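*Asks:* Questions regarding the structure given below will be posed in turn.
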Amino acid sequence: MILVTVGTQLPFDRLIQMMDAMAPDLGEPVVAQIGRAKYLPVNMEWHRVIAPLDFENLVDRARVIVSHAGIGTILTAERHGRSLILFPRAVELAEHRNDHQMATASALDGRAGIAVARDQASLRRFIADPPPPPPATRDCRGRVAVCTEIAGFLTKALGQVRT
């Protein structure tokens, strides 16, 4: 499974549209967290926001993660030992207020488990052949299992849990 995430603060329609266009040809499910996107995908499962526990579970199942250059996703991918393709927002395309994502991506390019795509061709290439995953910095299975048990208990006890 390929997990796509763009954060929740700003829309990133360019990346969501690219991934949606590629999804039918990728040969595996694509799940996307699209945040405030105006474009709504038709070829992949999507959610505006994914609850933290559900996101951790998706990361754990993902073969590769495609993401804006958000530090939270970078750290989560590293923690789970997942290959990560960064596709940074560009200020000249009005996707962000400044080019800190470009700077972050440039600084991390070539780091274990990370590739930086800057156009659709390189994105497609890295999805087909992602960088080898880095070693996980933590075993997250126990954390996810405990959180799942707690969420199940609360759902049963309270009838509903808000995340």
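Letters A, B, ... go to the chains of the structure tokens in the order shown; residues in each chain start at 1; ligands are counted from 1 in the same order.
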Counting only C-alpha atoms, what is within 6 Å of range 4-20 of chain A, bar same-chain residues fewer than 4 positions away, as a JSON list (two decimals) with all heavy atoms, in the first residue's frame?
*Replies:*
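Contents of the output file part.json:
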[["chain", "number", "residue", "atom", "x", "y", "z"],
["A", 32, "ALA", "N", -4.84, 8.23, 0.73],
["A", 32, "ALA", "CA", -4.34, 9.59, 0.83],
["A", 32, "ALA", "C", -5.04, 10.38, 1.92],
["A", 32, "ALA", "O", -6.25, 10.29, 2.09],
["A", 32, "ALA", "CB", -4.50, 10.31, -0.51],
["A", 33, "GLN", "N", -4.25, 11.15, 2.63],
["A", 33, "GLN", "CA", -4.75, 12.15, 3.57],
["A", 33, "GLN", "C", -4.59, 13.47, 2.82],
["A", 33, "GLN", "O", -3.48, 13.89, 2.53],
["A", 33, "GLN", "CB", -3.93, 12.11, 4.86],
["A", 33, "GLN", "CG", -4.30, 13.18, 5.88],
["A", 33, "GLN", "CD", -3.52, 14.46, 5.65],
["A", 33, "GLN", "OE1", -2.33, 14.46, 5.43],
["A", 33, "GLN", "NE2", -4.22, 15.57, 5.68],
["A", 34, "ILE", "N", -5.73, 14.09, 2.43],
["A", 34, "ILE", "CA", -5.69, 15.23, 1.50],
["A", 34, "ILE", "C", -5.85, 16.59, 2.16],
["A", 34, "ILE", "O", -5.76, 17.61, 1.49],
["A", 34, "ILE", "CB", -6.72, 15.07, 0.37],
["A", 34, "ILE", "CG1", -8.15, 15.20, 0.91],
["A", 34, "ILE", "CG2", -6.50, 13.76, -0.37],
["A", 34, "ILE", "CD1", -9.19, 15.36, -0.18],
["A", 35, "GLY", "N", -6.09, 16.63, 3.45],
["A", 35, "GLY", "CA", -6.21, 17.91, 4.14],
["A", 35, "GLY", "C", -7.25, 18.82, 3.51],
["A", 35, "GLY", "O", -8.37, 18.42, 3.26],
["A", 36, "ARG", "N", -6.84, 20.04, 3.22],
["A", 36, "ARG", "CA", -7.76, 21.06, 2.70],
["A", 36, "ARG", "C", -7.80, 21.12, 1.17],
["A", 36, "ARG", "O", -8.16, 22.15, 0.60],
["A", 36, "ARG", "CB", -7.36, 22.42, 3.25],
["A", 36, "ARG", "CG", -7.47, 22.49, 4.75],
["A", 36, "ARG", "CD", -7.05, 23.83, 5.26],
["A", 36, "ARG", "NE", -7.08, 23.82, 6.72],
["A", 36, "ARG", "CZ", -7.31, 24.90, 7.43],
["A", 36, "ARG", "NH1", -7.51, 26.06, 6.85],
["A", 36, "ARG", "NH2", -7.32, 24.81, 8.74],
["A", 37, "ALA", "N", -7.44, 20.05, 0.52],
["A", 37, "ALA", "CA", -7.41, 20.02, -0.95],
["A", 37, "ALA", "C", -8.78, 20.39, -1.53],
["A", 37, "ALA", "O", -9.81, 20.01, -0.98],
["A", 37, "ALA", "CB", -6.99, 18.65, -1.45],
["A", 39, "TYR", "N", -9.22, 19.62, -4.82],
["A", 39, "TYR", "CA", -9.37, 18.47, -5.72],
["A", 39, "TYR", "C", -9.71, 17.24, -4.90],
["A", 39, "TYR", "O", -9.02, 16.93, -3.92],
["A", 39, "TYR", "CB", -8.07, 18.24, -6.50],
["A", 39, "TYR", "CG", -8.12, 17.01, -7.36],
["A", 39, "TYR", "CD1", -8.73, 17.04, -8.60],
["A", 39, "TYR", "CD2", -7.58, 15.80, -6.92],
["A", 39, "TYR", "CE1", -8.80, 15.91, -9.39],
["A", 39, "TYR", "CE2", -7.64, 14.67, -7.70],
["A", 39, "TYR", "CZ", -8.25, 14.72, -8.94],
["A", 39, "TYR", "OH", -8.33, 13.60, -9.70],
["A", 41, "PRO", "N", -9.96, 13.20, -5.02],
["A", 41, "PRO", "CA", -9.51, 12.06, -5.83],
["A", 41, "PRO", "C", -10.65, 11.13, -6.23],
["A", 41, "PRO", "O", -11.63, 10.99, -5.50],
["A", 41, "PRO", "CB", -8.54, 11.33, -4.89],
["A", 41, "PRO", "CG", -8.12, 12.34, -3.89],
["A", 41, "PRO", "CD", -9.30, 13.24, -3.71],
["A", 43, "ASN", "N", -9.49, 8.03, -7.94],
["A", 43, "ASN", "CA", -8.80, 6.76, -8.16],
["A", 43, "ASN", "C", -8.11, 6.19, -6.92],
["A", 43, "ASN", "O", -7.42, 5.17, -7.03],
["A", 43, "ASN", "CB", -7.75, 6.92, -9.27],
["A", 43, "ASN", "CG", -8.39, 7.28, -10.58],
["A", 43, "ASN", "OD1", -9.32, 6.63, -11.03],
["A", 43, "ASN", "ND2", -7.92, 8.36, -11.19],
["A", 65, "ILE", "N", 5.80, 5.80, 1.65],
["A", 65, "ILE", "CA", 5.01, 6.98, 1.99],
["A", 65, "ILE", "C", 5.43, 8.10, 1.05],
["A", 65, "ILE", "O", 6.62, 8.34, 0.84],
["A", 65, "ILE", "CB", 5.25, 7.40, 3.45],
["A", 65, "ILE", "CG1", 4.84, 6.27, 4.39],
["A", 65, "ILE", "CG2", 4.49, 8.69, 3.78],
["A", 65, "ILE", "CD1", 5.35, 6.44, 5.81],
["A", 66, "VAL", "N", 4.44, 8.78, 0.48],
["A", 66, "VAL", "CA", 4.67, 9.95, -0.36],
["A", 66, "VAL", "C", 4.13, 11.14, 0.42],
["A", 66, "VAL", "O", 2.98, 11.13, 0.86],
["A", 66, "VAL", "CB", 3.95, 9.83, -1.72],
["A", 66, "VAL", "CG1", 4.13, 11.10, -2.54],
["A", 66, "VAL", "CG2", 4.43, 8.61, -2.48],
["A", 67, "SER", "N", 4.97, 12.16, 0.60],
["A", 67, "SER", "CA", 4.57, 13.24, 1.50],
["A", 67, "SER", "C", 5.14, 14.59, 1.09],
["A", 67, "SER", "O", 6.21, 14.67, 0.47],
["A", 67, "SER", "CB", 5.08, 12.90, 2.91],
["A", 67, "SER", "OG", 4.82, 13.95, 3.82],
["A", 68, "HIS", "N", 4.42, 15.64, 1.47],
["A", 68, "HIS", "CA", 5.01, 16.97, 1.49],
["A", 68, "HIS", "C", 6.19, 16.89, 2.46],
["A", 68, "HIS", "O", 6.35, 15.89, 3.15],
["A", 68, "HIS", "CB", 3.96, 18.00, 1.95],
["A", 68, "HIS", "CG", 3.58, 17.88, 3.38],
["A", 68, "HIS", "ND1", 3.59, 18.93, 4.25],
["A", 68, "HIS", "CD2", 3.20, 16.80, 4.13],
["A", 68, "HIS", "CE1", 3.23, 18.53, 5.45],
["A", 68, "HIS", "NE2", 2.98, 17.24, 5.40]]
*Asks:* Provide the CA of Asp60 in chain A to CA of Arg82 in chain A distance in Å, to one decimal place.
*Replies:* 7.8 Å
*Asks:* Please measure the separation of CA of Ile71 in chain A and CA of Asp129 in chain A, giving the value in Å to one decimal.
*Replies:*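 Answer for the CA of Ile71 in chain A to CA of Asp129 in chain A separation: 22.8 Å.
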*Asks:* Using only C-alpha atoms, determine which residues lie at most 8 Å from Thr137 in chain A, disregarding the query and same-chain residues fewer than 3 positions distant; provide the list as an mmCIF file with all heavy atoms, in the first residue's frame.
*Replies:*
data_model
loop_
_atom_site.group_PDB
_atom_site.id
_atom_site.type_symbol
_atom_site.label_atom_id
_atom_site.label_comp_id
_atom_site.auth_asym_id
_atom_site.auth_seq_id
_atom_site.Cartn_x
_atom_site.Cartn_y
_atom_site.Cartn_z
ATOM 1 N N GLU A 78 10.479 7.600 9.763
ATOM 2 C CA GLU A 78 11.737 7.127 10.337
ATOM 3 C C GLU A 78 11.485 6.193 11.526
ATOM 4 O O GLU A 78 12.105 5.142 11.649
ATOM 5 C CB GLU A 78 12.598 8.317 10.758
ATOM 6 C CG GLU A 78 13.945 7.911 11.320
ATOM 7 C CD GLU A 78 14.782 9.104 11.716
ATOM 8 O OE1 GLU A 78 14.325 9.896 12.569
ATOM 9 O OE2 GLU A 78 15.883 9.247 11.174
ATOM 10 N N ARG A 79 10.554 6.591 12.381
ATOM 11 C CA ARG A 79 10.233 5.782 13.556
ATOM 12 C C ARG A 79 9.757 4.387 13.155
ATOM 13 O O ARG A 79 10.097 3.401 13.785
ATOM 14 C CB ARG A 79 9.169 6.505 14.391
ATOM 15 C CG ARG A 79 8.906 5.889 15.731
ATOM 16 C CD ARG A 79 8.020 6.747 16.612
ATOM 17 N NE ARG A 79 6.687 6.925 16.061
ATOM 18 C CZ ARG A 79 6.166 8.087 15.683
ATOM 19 N NH1 ARG A 79 6.864 9.194 15.786
ATOM 20 N NH2 ARG A 79 4.949 8.164 15.200
ATOM 21 N N HIS A 80 8.982 4.309 12.068
ATOM 22 C CA HIS A 80 8.437 3.034 11.602
ATOM 23 C C HIS A 80 9.359 2.310 10.621
ATOM 24 O O HIS A 80 9.042 1.197 10.206
ATOM 25 C CB HIS A 80 7.079 3.260 10.930
ATOM 26 C CG HIS A 80 5.965 3.503 11.881
ATOM 27 N ND1 HIS A 80 5.122 2.511 12.327
ATOM 28 C CD2 HIS A 80 5.535 4.641 12.484
ATOM 29 C CE1 HIS A 80 4.229 3.016 13.145
ATOM 30 N NE2 HIS A 80 4.455 4.303 13.264
ATOM 31 N N GLY A 81 10.447 2.945 10.221
ATOM 32 C CA GLY A 81 11.352 2.318 9.265
ATOM 33 C C GLY A 81 10.730 2.177 7.886
ATOM 34 O O GLY A 81 10.824 1.128 7.252
#
*Asks:* Need the shell around Ile127 in chain A: protein/DNA/RNA residues with any atom at most 9 Å away, counting only C-alpha atoms. Skip same-chain ones fewer than 5 positions apart. Format as an MDAnalysis selection string?
*Replies:* chainID A and resid 2 26 64:66 85 122
*Asks:* Report, in Å to a single decimal, how far apart CA of Ser106 in chain A and CA of Ala62 in chain A are.
*Replies:*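 Between CA of Ala62 in chain A and CA of Ser106 in chain A the gap is 23.7 Å.
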*Asks:* Do a neighbour search on range 75-77 of chain A at 12 Å with only C-alpha atoms, toss out local chain neighbours closer than 6 positions, and write the hits as a PyMOL selection string.
*Replies:* chain A and resi 3-5+52-53+55-67+69+83-86+108+112-114+133-140
